[in-house]
$ cat data.txt   # compact mmCIF, C-alpha atoms
# COMPACT_ATOMS: atom_id res chain seq x y z
CA MET E 1 -33.93 -91.17 -28.50
CA SER E 2 -31.80 -88.53 -30.25
CA ALA E 3 -28.49 -89.42 -31.88
CA PHE E 4 -26.69 -87.43 -29.22
CA GLY E 5 -28.41 -89.22 -26.36
CA ARG E 6 -27.77 -92.59 -28.00
CA ASP E 7 -24.04 -91.92 -28.56
CA LEU E 8 -23.33 -90.12 -25.28
CA SER E 9 -21.39 -92.00 -22.60
CA VAL E 10 -19.74 -91.28 -19.26
CA SER E 11 -16.32 -91.53 -20.88
CA ALA E 12 -17.32 -88.95 -23.52
CA VAL E 13 -18.49 -86.52 -20.81
CA VAL E 14 -15.22 -86.94 -18.93
CA ALA E 15 -13.14 -86.58 -22.11
CA GLY E 16 -14.99 -83.35 -22.89
CA PHE E 17 -14.36 -82.03 -19.39
CA VAL E 18 -10.67 -82.99 -19.49
CA ALA E 19 -10.28 -81.31 -22.90
CA MET E 20 -11.83 -78.11 -21.56
CA LEU E 21 -9.81 -78.30 -18.34
CA VAL E 22 -6.54 -78.69 -20.25
CA GLY E 23 -7.43 -75.91 -22.68
CA VAL E 24 -8.41 -73.41 -19.98
CA THR E 25 -5.72 -74.14 -17.40
CA SER E 26 -2.88 -74.40 -19.90
CA SER E 27 -3.38 -71.20 -21.84
CA ILE E 28 -6.10 -68.85 -20.60
CA VAL E 29 -3.48 -67.00 -18.55
CA VAL E 30 -1.79 -65.99 -21.81
CA VAL E 31 -5.09 -64.46 -22.96
CA PHE E 32 -5.19 -62.46 -19.69
CA GLN E 33 -1.66 -61.23 -20.36
CA ALA E 34 -2.44 -60.29 -23.97
CA ALA E 35 -5.48 -58.25 -22.98
CA GLN E 36 -3.57 -56.48 -20.22
CA ALA E 37 -0.57 -55.82 -22.50
CA LEU E 38 -2.89 -53.96 -24.88
CA GLY E 39 -4.28 -51.81 -22.07
CA ALA E 40 -7.60 -53.55 -21.41
CA ASP E 41 -9.27 -52.73 -18.10
CA ALA E 42 -10.79 -55.34 -15.76
CA ALA E 43 -14.19 -55.42 -17.51
CA GLN E 44 -12.55 -55.67 -20.93
CA VAL E 45 -10.26 -58.49 -19.77
CA THR E 46 -13.32 -60.40 -18.57
CA SER E 47 -14.91 -59.76 -21.97
CA TRP E 48 -11.87 -61.31 -23.68
CA ILE E 49 -12.33 -64.46 -21.60
CA TRP E 50 -16.06 -64.43 -22.31
CA ALA E 51 -15.54 -64.07 -26.06
CA THR E 52 -12.82 -66.71 -26.42
CA CYS E 53 -14.61 -69.33 -24.28
CA VAL E 54 -18.09 -68.69 -25.70
CA GLY E 55 -16.69 -68.67 -29.24
CA THR E 56 -14.83 -71.93 -28.63
CA GLY E 57 -17.92 -73.48 -27.06
CA LEU E 58 -20.35 -72.49 -29.81
CA THR E 59 -18.09 -73.46 -32.72
CA SER E 60 -17.12 -76.79 -31.10
CA LEU E 61 -20.73 -77.64 -30.35
CA GLY E 62 -22.08 -76.51 -33.73
CA LEU E 63 -19.41 -78.11 -35.93
CA SER E 64 -19.47 -81.40 -34.00
CA VAL E 65 -23.26 -81.70 -34.26
CA TRP E 66 -23.27 -80.71 -37.92
CA TYR E 67 -20.57 -83.15 -39.05
CA ARG E 68 -21.10 -85.84 -36.37
CA ARG E 69 -17.35 -85.86 -35.83
CA PRO E 70 -15.26 -84.68 -32.86
CA VAL E 71 -14.46 -81.18 -34.16
CA LEU E 72 -13.02 -79.17 -31.29
CA THR E 73 -11.90 -75.57 -31.65
CA ALA E 74 -9.69 -73.40 -29.45
CA TRP E 75 -8.26 -69.93 -29.17
CA SER E 76 -4.83 -69.22 -30.65
CA THR E 77 -2.38 -69.51 -27.76
CA PRO E 78 0.66 -68.61 -29.94
CA GLY E 79 -1.39 -65.69 -31.20
CA ALA E 80 -1.97 -64.45 -27.65
CA ALA E 81 1.73 -64.88 -26.86
CA MET E 82 2.57 -62.88 -29.97
CA LEU E 83 0.27 -60.10 -28.82
CA VAL E 84 2.05 -59.97 -25.45
CA SER E 85 5.51 -59.66 -26.98
CA ALA E 86 5.13 -58.18 -30.45
CA ALA E 87 2.29 -55.67 -30.21
CA ALA E 88 4.12 -53.05 -28.14
CA GLY E 89 2.88 -49.57 -28.92
CA VAL E 90 -0.36 -50.80 -30.49
CA THR E 91 -3.51 -49.41 -28.90
CA LEU E 92 -6.45 -51.62 -27.98
CA PRO E 93 -8.69 -50.20 -30.77
CA GLU E 94 -5.90 -50.80 -33.30
CA ALA E 95 -5.55 -54.37 -32.04
CA ILE E 96 -9.30 -54.94 -32.38
CA GLY E 97 -9.07 -53.71 -35.98
CA GLY E 98 -6.18 -56.13 -36.52
CA PHE E 99 -8.28 -59.01 -35.14
CA ILE E 100 -11.01 -58.22 -37.66
CA VAL E 101 -8.60 -58.16 -40.61
CA SER E 102 -6.97 -61.42 -39.46
CA ALA E 103 -10.42 -63.02 -39.14
CA LEU E 104 -11.28 -62.00 -42.69
CA LEU E 105 -8.05 -63.55 -43.98
CA ILE E 106 -8.75 -66.82 -42.10
CA ALA E 107 -12.31 -66.94 -43.44
CA LEU E 108 -11.08 -66.32 -47.00
CA SER E 109 -8.38 -69.00 -46.76
CA GLY E 110 -11.12 -71.44 -45.76
CA ALA E 111 -13.78 -70.28 -48.21
CA THR E 112 -11.40 -70.39 -51.20
CA GLY E 113 -10.11 -73.88 -50.30
CA LEU E 114 -6.50 -72.67 -50.35
CA PHE E 115 -5.63 -74.06 -46.92
CA ALA E 116 -7.27 -77.42 -47.71
CA ARG E 117 -5.21 -77.76 -50.89
CA VAL E 118 -2.02 -77.17 -48.91
CA MET E 119 -3.03 -79.77 -46.29
CA ASP E 120 -3.92 -82.37 -48.93
CA ARG E 121 -0.32 -82.34 -50.10
CA ILE E 122 1.05 -83.36 -46.68
CA PRO E 123 1.54 -87.18 -46.57
CA GLN E 124 -0.21 -89.11 -43.80
CA PRO E 125 3.06 -90.22 -42.07
CA LEU E 126 4.25 -86.61 -41.87
CA ALA E 127 0.88 -85.53 -40.46
CA ALA E 128 1.13 -88.32 -37.87
CA GLY E 129 4.71 -87.30 -37.00
CA LEU E 130 3.56 -83.71 -36.61
CA LEU E 131 0.74 -84.75 -34.28
CA GLY E 132 3.07 -86.95 -32.24
CA GLY E 133 5.52 -84.08 -31.82
CA VAL E 134 2.77 -81.68 -30.72
CA LEU E 135 1.36 -84.10 -28.15
CA ALA E 136 4.51 -85.77 -26.81
CA ARG E 137 5.46 -82.65 -24.86
CA PHE E 138 2.38 -83.13 -22.68
CA ALA E 139 3.32 -86.71 -21.83
CA LEU E 140 6.88 -85.60 -21.02
CA ASP E 141 5.54 -82.83 -18.79
CA ALA E 142 3.32 -85.33 -16.95
CA PHE E 143 6.25 -87.58 -16.05
CA ALA E 144 8.50 -84.60 -15.34
CA ALA E 145 5.97 -83.46 -12.72
CA MET E 146 6.32 -86.70 -10.78
CA PRO E 147 9.53 -85.86 -8.81
CA GLY E 148 7.99 -82.62 -7.53
CA ASP E 149 4.67 -84.22 -6.56
CA PRO E 150 5.23 -87.99 -6.32
CA LEU E 151 2.10 -88.77 -4.30
CA LEU E 152 -0.36 -87.01 -6.60
CA VAL E 153 1.20 -87.87 -9.97
CA GLY E 154 2.26 -91.36 -8.87
CA ALA E 155 -1.27 -92.20 -7.71
CA MET E 156 -2.69 -90.91 -10.99
CA PHE E 157 -0.21 -92.95 -13.05
CA LEU E 158 -1.04 -96.08 -11.06
CA ALA E 159 -4.75 -95.36 -11.65
CA TYR E 160 -4.03 -95.09 -15.37
CA LEU E 161 -2.17 -98.43 -15.50
CA LEU E 162 -4.87 -100.23 -13.51
CA GLY E 163 -7.57 -98.58 -15.59
CA ARG E 164 -5.98 -99.64 -18.89
CA ARG E 165 -5.74 -103.19 -17.55
CA LEU E 166 -9.15 -103.53 -15.88
CA TRP E 167 -11.47 -100.82 -17.29
CA PRO E 168 -9.87 -99.48 -20.54
CA ARG E 169 -12.83 -97.30 -21.43
CA TYR E 170 -12.81 -95.57 -18.04
CA ALA E 171 -9.05 -95.26 -17.51
CA VAL E 172 -8.95 -91.46 -17.91
CA PRO E 173 -12.06 -90.84 -15.74
CA GLY E 174 -10.31 -92.94 -13.10
CA VAL E 175 -7.15 -90.84 -13.41
CA LEU E 176 -9.15 -87.62 -12.99
CA LEU E 177 -11.11 -89.01 -10.03
CA VAL E 178 -7.95 -90.18 -8.24
CA GLY E 179 -6.30 -86.82 -8.88
CA LEU E 180 -9.26 -84.93 -7.43
CA LEU E 181 -9.42 -87.21 -4.38
CA VAL E 182 -5.70 -86.96 -3.64
CA ALA E 183 -5.68 -83.18 -4.17
CA ALA E 184 -8.72 -82.73 -1.92
CA GLY E 185 -7.35 -85.14 0.68
CA THR E 186 -4.08 -83.23 0.91
CA GLY E 187 -5.88 -79.88 1.22
CA ARG E 188 -4.82 -78.58 -2.19
CA MET E 189 -8.22 -77.76 -3.67
CA HIS E 190 -9.21 -74.17 -3.00
CA LEU E 191 -12.67 -73.80 -4.53
CA GLU E 192 -13.74 -71.60 -1.63
CA ALA E 193 -11.58 -68.81 -3.07
CA VAL E 194 -13.48 -68.74 -6.37
CA ASP E 195 -15.67 -65.69 -6.95
CA TRP E 196 -18.56 -67.01 -9.06
CA ARG E 197 -19.24 -63.84 -11.01
CA LEU E 198 -20.91 -64.02 -14.43
CA GLY E 199 -18.97 -62.75 -17.42
CA ALA E 200 -20.34 -60.00 -19.64
CA PRO E 201 -19.29 -58.86 -23.13
CA VAL E 202 -17.91 -55.36 -23.56
CA TRP E 203 -17.90 -53.70 -26.99
CA MET E 204 -14.46 -52.39 -28.01
CA ALA E 205 -14.60 -50.19 -31.09
CA PRO E 206 -12.03 -51.10 -33.78
CA GLU E 207 -9.56 -48.74 -35.42
CA PHE E 208 -7.94 -49.71 -38.70
CA THR E 209 -4.35 -48.53 -39.11
CA LEU E 210 -1.21 -49.70 -40.89
CA ARG E 211 0.40 -50.34 -37.51
CA GLY E 212 -2.49 -52.61 -36.58
CA LEU E 213 -2.23 -54.38 -39.94
CA PHE E 214 1.49 -55.13 -39.79
CA SER E 215 1.91 -55.54 -36.02
CA VAL E 216 -1.26 -57.51 -35.30
CA ALA E 217 -3.34 -58.68 -38.29
CA LEU E 218 -0.72 -60.31 -40.53
CA PRO E 219 1.40 -61.90 -37.75
CA LEU E 220 -1.76 -63.19 -36.01
CA PHE E 221 -3.05 -64.71 -39.25
CA VAL E 222 0.24 -66.46 -40.03
CA VAL E 223 0.76 -67.74 -36.48
CA THR E 224 -2.82 -69.02 -36.18
CA MET E 225 -2.76 -70.84 -39.52
CA ALA E 226 0.74 -72.29 -39.16
CA SER E 227 0.89 -73.06 -35.44
CA GLN E 228 -2.76 -73.90 -34.73
CA ASN E 229 -4.81 -74.85 -37.78
CA LEU E 230 -2.01 -76.88 -39.36
CA PRO E 231 -1.66 -79.32 -36.42
CA GLY E 232 -5.44 -79.18 -35.92
CA VAL E 233 -6.07 -80.60 -39.39
CA ALA E 234 -3.20 -83.06 -38.90
CA ALA E 235 -4.91 -84.33 -35.72
CA GLN E 236 -8.13 -84.94 -37.64
CA LYS E 237 -6.31 -86.80 -40.40
CA ALA E 238 -4.21 -88.87 -37.99
CA ALA E 239 -7.35 -89.94 -36.12
CA GLY E 240 -8.96 -91.09 -39.36
CA TYR E 241 -11.65 -88.41 -39.64
CA ASP E 242 -12.44 -86.90 -43.04
CA THR E 243 -13.88 -83.67 -41.69
CA PRO E 244 -14.10 -81.06 -44.49
CA VAL E 245 -11.27 -78.62 -43.90
CA SER E 246 -12.40 -75.54 -45.82
CA PRO E 247 -15.83 -74.93 -44.26
CA VAL E 248 -14.48 -75.59 -40.76
CA ILE E 249 -11.65 -73.06 -41.18
CA ALA E 250 -14.07 -70.57 -42.73
CA THR E 251 -16.43 -71.02 -39.78
CA THR E 252 -13.69 -70.23 -37.25
CA GLY E 253 -12.84 -67.12 -39.28
CA VAL E 254 -16.45 -65.91 -39.34
CA ALA E 255 -16.87 -66.62 -35.61
CA THR E 256 -13.71 -64.63 -34.88
CA LEU E 257 -15.02 -61.79 -37.04
CA LEU E 258 -18.22 -61.61 -34.98
CA LEU E 259 -16.47 -61.84 -31.61
CA ALA E 260 -13.40 -59.69 -32.34
CA PRO E 261 -14.98 -56.44 -31.03
CA PHE E 262 -15.50 -58.21 -27.68
CA GLY E 263 -11.95 -59.58 -27.44
CA GLY E 264 -12.32 -62.82 -29.43
CA TYR E 265 -9.00 -62.32 -31.17
CA ALA E 266 -8.53 -65.69 -32.97
CA LEU E 267 -10.40 -69.01 -33.02
CA ASN E 268 -8.99 -72.07 -34.77
CA LEU E 269 -9.03 -75.85 -34.89
CA ALA E 270 -7.68 -77.49 -31.74
CA ALA E 271 -5.02 -80.20 -31.87
CA ILE E 272 -3.99 -81.17 -28.35
CA THR E 273 -7.39 -80.93 -26.68
CA ALA E 274 -9.09 -82.32 -29.80
CA SER E 275 -6.90 -85.41 -29.57
CA ILE E 276 -8.39 -86.11 -26.14
CA CYS E 277 -11.88 -86.09 -27.69
CA MET E 278 -10.75 -88.22 -30.64
CA SER E 279 -8.98 -90.86 -28.56
CA ARG E 280 -10.26 -94.30 -27.60
CA GLU E 281 -10.63 -93.01 -24.04
CA ALA E 282 -13.56 -90.87 -25.27
CA HIS E 283 -15.24 -93.98 -26.70
CA GLU E 284 -14.14 -97.27 -28.21
CA ASP E 285 -16.33 -96.56 -31.26
CA PRO E 286 -14.85 -93.67 -33.34
CA ALA E 287 -18.32 -92.91 -34.72
CA ARG E 288 -19.58 -92.04 -31.22
CA ARG E 289 -16.70 -89.78 -30.12
CA TRP E 290 -18.35 -86.65 -31.50
CA THR E 291 -20.37 -86.36 -28.30
CA SER E 292 -17.16 -85.71 -26.34
CA SER E 293 -16.43 -82.52 -28.30
CA VAL E 294 -20.07 -81.47 -27.93
CA MET E 295 -19.67 -81.83 -24.16
CA ALA E 296 -16.37 -79.92 -24.31
CA GLY E 297 -18.26 -77.15 -26.13
CA LEU E 298 -20.89 -77.05 -23.39
CA PHE E 299 -18.20 -76.92 -20.70
CA TYR E 300 -16.45 -74.06 -22.54
CA LEU E 301 -19.76 -72.20 -22.71
CA ALA E 302 -20.18 -72.61 -18.96
CA VAL E 303 -16.68 -71.25 -18.35
CA GLY E 304 -17.36 -68.31 -20.67
CA LEU E 305 -20.60 -67.43 -18.90
CA ALA E 306 -18.71 -67.54 -15.59
CA ALA E 307 -15.73 -65.65 -17.01
CA GLY E 308 -15.44 -63.56 -13.88
CA ALA E 309 -14.57 -66.69 -11.90
CA VAL E 310 -11.96 -68.04 -14.33
CA ALA E 311 -9.03 -66.51 -12.48
CA GLY E 312 -10.10 -68.24 -9.28
CA LEU E 313 -10.65 -71.55 -11.07
CA LEU E 314 -7.14 -71.39 -12.51
CA GLY E 315 -5.73 -71.70 -9.04
CA ALA E 316 -8.19 -74.29 -7.77
CA PHE E 317 -6.53 -77.32 -9.36
CA PRO E 318 -2.90 -78.27 -8.64
CA LYS E 319 -0.76 -77.74 -11.74
CA ALA E 320 0.70 -81.24 -11.46
CA MET E 321 -2.80 -82.72 -11.58
CA VAL E 322 -3.64 -80.93 -14.83
CA LEU E 323 -0.32 -81.97 -16.39
CA ALA E 324 -0.86 -85.59 -15.38
CA VAL E 325 -4.44 -85.79 -16.66
CA ALA E 326 -3.45 -84.32 -20.03
CA GLY E 327 -0.29 -86.40 -20.43
CA PHE E 328 -1.82 -89.75 -19.48
CA ALA E 329 -4.98 -89.11 -21.52
CA LEU E 330 -2.86 -88.57 -24.64
CA LEU E 331 -0.58 -91.62 -24.33
CA GLY E 332 -2.73 -93.79 -26.60
CA THR E 333 -3.00 -91.08 -29.26
CA ILE E 334 0.76 -90.46 -29.17
CA GLY E 335 1.44 -94.18 -29.59
CA GLY E 336 -0.98 -94.45 -32.50
CA GLY E 337 0.53 -91.41 -34.20
CA LEU E 338 4.07 -92.76 -33.88
CA ALA E 339 2.96 -96.16 -35.20
CA THR E 340 1.50 -94.50 -38.29
CA ALA E 341 4.50 -92.22 -38.71
CA MET E 342 7.09 -94.99 -38.49
CA GLY E 343 5.13 -97.84 -40.06
CA ASP E 344 6.15 -97.20 -43.68
CA LEU E 345 9.91 -97.46 -44.28
CA THR E 346 9.64 -95.08 -47.24
CA TRP E 347 8.40 -92.26 -45.04
CA ARG E 348 10.05 -93.20 -41.75
CA GLU E 349 12.97 -90.76 -41.84
CA PRO E 350 10.96 -87.70 -43.00
CA ALA E 351 8.28 -88.52 -40.41
CA LEU E 352 10.94 -88.86 -37.70
CA VAL E 353 12.44 -85.50 -38.65
CA THR E 354 8.96 -83.93 -38.56
CA PHE E 355 8.33 -85.44 -35.13
CA LEU E 356 11.65 -84.31 -33.64
CA VAL E 357 11.57 -80.76 -35.00
CA THR E 358 7.98 -80.34 -33.77
CA LEU E 359 8.84 -81.79 -30.36
CA SER E 360 11.89 -79.52 -30.05
CA GLY E 361 9.75 -76.41 -29.61
CA LEU E 362 11.71 -74.58 -32.32
CA SER E 363 10.38 -71.09 -33.00
CA MET E 364 11.62 -68.75 -35.71
CA ALA E 365 10.13 -65.54 -37.12
CA GLY E 366 7.37 -65.79 -34.52
CA ILE E 367 6.13 -69.11 -35.97
CA GLY E 368 6.03 -72.24 -33.83
CA SER E 369 7.56 -75.66 -34.26
CA ALA E 370 4.50 -77.30 -35.87
CA PHE E 371 5.09 -75.32 -39.05
CA TRP E 372 8.84 -75.84 -39.05
CA GLY E 373 8.35 -79.56 -38.45
CA VAL E 374 6.37 -79.83 -41.68
CA VAL E 375 8.96 -77.71 -43.50
CA ALA E 376 11.81 -79.93 -42.27
CA GLY E 377 9.94 -83.13 -43.12
CA THR E 378 9.03 -81.86 -46.59
CA LEU E 379 12.65 -80.82 -47.20
CA CYS E 380 13.75 -84.30 -46.16
CA VAL E 381 11.33 -85.86 -48.66
CA ALA E 382 12.54 -83.57 -51.45
CA VAL E 383 16.22 -84.37 -50.83
CA MET E 384 15.54 -88.11 -50.62
CA ARG E 385 13.65 -88.06 -53.91
CA LEU E 386 16.42 -86.03 -55.50
CA ARG E 387 18.96 -88.60 -54.28
CA ALA E 388 16.80 -91.47 -55.55
CA GLY E 389 16.49 -89.85 -58.96
$ encode --input "data.txt" --output "structure tokens"
Amino acid sequence: MSAFGRDLSVSAVVAGFVAMLVGVTSSIVVVFQAAQALGADAAQVTSWIWATCVGTGLTSLGLSVWYRRPVLTAWSTPGAAMLVSAAAGVTLPEAIGGFIVSALLIALSGATGLFARVMDRIPQPLAAGLLGGVLARFALDAFAAMPGDPLLVGAMFLAYLLGRRLWPRYAVPGVLLVGLLVAAGTGRMHLEAVDWRLGAPVWMAPEFTLRGLFSVALPLFVVTMASQNLPGVAAQKAAGYDTPVSPVIATTGVATLLLAPFGGYALNLAAITASICMSREAHEDPARRWTSSVMAGLFYLAVGLAAGAVAGLLGAFPKAMVLAVAGFALLGTIGGGLATAMGDLTWREPALVTFLVTLSGLSMAGIGSAFWGVVAGTLCVAVMRLRAG
């Protein structure tokens, strides 16, 4: 029996599906908006979805099999949001050229080891505080959804509690199953409206201009590295995996480079969805959790190949159900991250500051709270050491 077949489990398959479901339903709409904001037509928009999902699927599958660790990638959601708001006046060919330049910068930052050297200087408690701040928002959103949909979310929360008590390994599959049953029983699943059209790539010729460089390439590079790859590496470290940073980052850069002409604007390490695959809900044995990210990769590939149906799928699941599945699946990871962050009195205050700034959603200069959380925590460490000296 192959290593994959030996390590695969039902919980790993479900964790992979939940990770894909959360990734697609929480942010693919932003990719739609970015493509449309740059003037893409219907076929080109479908190509964007095809490129981002296929790229995510292939890199997740390949890196996870190669390293035998749960390495999950994603597309840059902050990058797509930046394209919607900050790329006004940029043509689609100029944007494609910007994607290519950004991909080259990401690949170089990985190949030279520069990003890994920066990450190695971030203490473990700060990395754990960063991860906790990134993930806690999903748990808050899950409980915040309960007043608006008490039957659905309440039933899923009860399933989670019973699952953790009676079948810990299958708690999240139980939550998903209960959510699907309640949604279907209340007539809120609308799969009949989905148009199962296959997706197809469309070549979009790049144009390299200064406007594309300064409005797309450089901001996209900074946002992807600071708001996506930074917490992605922190998630790996917090979960106890020693996945090599440099080759993984370089791989996402090269994959983006190849897919950019088809709309694959930015691939990066995942943090939130990766934490689902790295959690105990994926498997009790950390050495066997890599199969969950392989399954997530396969599910992403399936979504990419059916890119024409993605819009219909987005509306098939109740939003409260997706929020609840994500939030409850991450509770254990959030608790573990906070325990690591607050366990050492020496680092407790800087880790707490990192956690709170990240959780706040602070955004300045187009860069998200994950980066500013690390900056605030590092500043706290520097001042404390100055005071101690």
$ closest_atom_pairs --input "data.txt" --of "stretch 179-264 of chain E" --to "stretch 124-141 of chain E" --cutoff "12 Å" --atoms "all atoms listed in the file" --output "tab-separated table"
residue	atom	partner	partner_atom	distance
E:Ser227	CA	E:Val134	CA	10.0
E:Gln228	CA	E:Val134	CA	10.4
E:Asn229	CA	E:Leu131	CA	11.9
E:Leu230	CA	E:Ala127	CA	9.2
E:Pro231	CA	E:Leu131	CA	6.3
E:Gly232	CA	E:Leu131	CA	8.5
E:Val233	CA	E:Ala127	CA	8.6
E:Ala234	CA	E:Ala127	CA	5.0
E:Ala235	CA	E:Leu131	CA	5.8
E:Gln236	CA	E:Ala127	CA	9.5
E:Lys237	CA	E:Ala127	CA	7.3
E:Ala238	CA	E:Ala128	CA	5.4
E:Ala239	CA	E:Ala128	CA	8.8
E:Gly240	CA	E:Gln124	CA	10.0
$ closest_atom_pairs --input "data.txt" --of "stretch 9-124 of chain E" --to "stretch 243-264 of chain E" --cutoff "6 Å" --atoms "only C-alpha atoms" --output "Markdown table"
| residue | atom | partner | partner_atom | distance |
| --- | --- | --- | --- | --- |
| E:Ser47 | CA | E:Phe262 | CA | 5.9 |
| E:Trp48 | CA | E:Gly263 | CA | 4.1 |
| E:Ala51 | CA | E:Gly264 | CA | 4.8 |
| E:Thr52 | CA | E:Gly264 | CA | 4.9 |
| E:Phe99 | CA | E:Ala260 | CA | 5.9 |
| E:Ile100 | CA | E:Leu257 | CA | 5.4 |
| E:Ala103 | CA | E:Gly253 | CA | 4.8 |
| E:Ile106 | CA | E:Gly253 | CA | 5.0 |
| E:Ala107 | CA | E:Ala250 | CA | 4.1 |
| E:Gly110 | CA | E:Ser246 | CA | 4.3 |
| E:Ala111 | CA | E:Ala250 | CA | 5.5 |
| E:Gly113 | CA | E:Ser246 | CA | 5.3 |
| E:Ala116 | CA | E:Val245 | CA | 5.7 |
$ closest_residue --input "data.txt" --among "E:Val381, E:Ile96, E:Leu114, E:Met278" --to "E:Arg69" --atoms "only C-alpha atoms"
E:Met278
$ closest_residue --input "data.txt" --among "E:Gly154, E:Arg164, E:Leu191, E:Leu305" --to "E:Val178" --atoms "all atoms listed in the file"
E:Gly154
$ closest_residue --input "data.txt" --among "E:Ala81, E:Met295, E:Leu158, E:Leu362" --to "E:Thr224" --atoms "only C-alpha atoms"
E:Ala81
$ atom_distance --input "data.txt" --atom1 "atom CA of E:Ser369" --atom2 "atom CA of E:Pro219"
15.5 Å
$ axis_aligned_box --input "data.txt" --around "stretch 145-164 of chain E" --padding-each-side "8 Å" --output "lines of an AutoDock Vina configuration file"
center_x = 1.0
center_y = -91.4
center_z = -11.6
size_x = 33.1
size_y = 33.6
size_z = 30.6
$ atom_distance --input "data.txt" --atom1 "atom CA of E:Thr73" --atom2 "atom CA of E:Leu267"
6.9 Å
$ residues_near_point --input "data.txt" --point "(-10.9, -56.3, -18.9)" --cutoff "12 Å" --atoms "all atoms listed in the file" --output "MDAnalysis selection string"
chainID E and resid 31:51 92 199:204 262:263 307:308
$ closest_residue --input "data.txt" --among "E:Trp290, E:Phe299, E:Tyr265, E:Phe355" --to "E:Cys277" --atoms "only C-alpha atoms"
E:Trp290
$ closest_residue --input "data.txt" --among "E:Val13, E:Leu83, E:Leu176, E:Leu269" --to "E:Leu218" --atoms "all atoms listed in the file"
E:Leu83
$ atom_distance --input "data.txt" --atom1 "atom CA of E:Ile276" --atom2 "atom CA of E:Ala329"
6.5 Å
$ closest_residue --input "data.txt" --among "E:Val18, E:Ile272, E:Ala309, E:Ala142" --to "E:Ala370" --atoms "only C-alpha atoms"
E:Ile272
$ residues_around --input "data.txt" --residues "stretch 2-7 of chain E" --least-positions-apart "3" --cutoff "12 Å" --atoms "all atoms listed in the file" --output "PyMOL selection string"
chain E and resi 10-13+61+64-66+68-69+282-295
$ residues_around --input "data.txt" --residues "E:Met384" --least-positions-apart "6" --cutoff "10 Å" --atoms "only C-alpha atoms" --output "list of chain:residue names"
E:Thr346, E:Trp347, E:Glu349, E:Pro350, E:Thr378
$ write_last_selection --input "data.txt" --atoms "C-alpha atoms" --output "compact mmCIF listing (two decimals), in the frame of the given file"
# COMPACT_ATOMS: atom_id res chain seq x y z
CA THR E 346 9.64 -95.08 -47.24
CA TRP E 347 8.40 -92.26 -45.04
CA GLU E 349 12.97 -90.76 -41.84
CA PRO E 350 10.96 -87.70 -43.00
CA THR E 378 9.03 -81.86 -46.59
$ residues_around --input "data.txt" --residues "E:Phe143" --least-positions-apart "5" --cutoff "9 Å" --atoms "all atoms listed in the file" --output "list of chain:residue names"
E:Phe138, E:Val153, E:Phe157, E:Leu323, E:Ala324, E:Gly327
$ residues_around --input "data.txt" --residues "E:Val322" --least-positions-apart "6" --cutoff "8 Å" --atoms "all atoms listed in the file" --output "ChimeraX atom specification"
/E:21-22,25
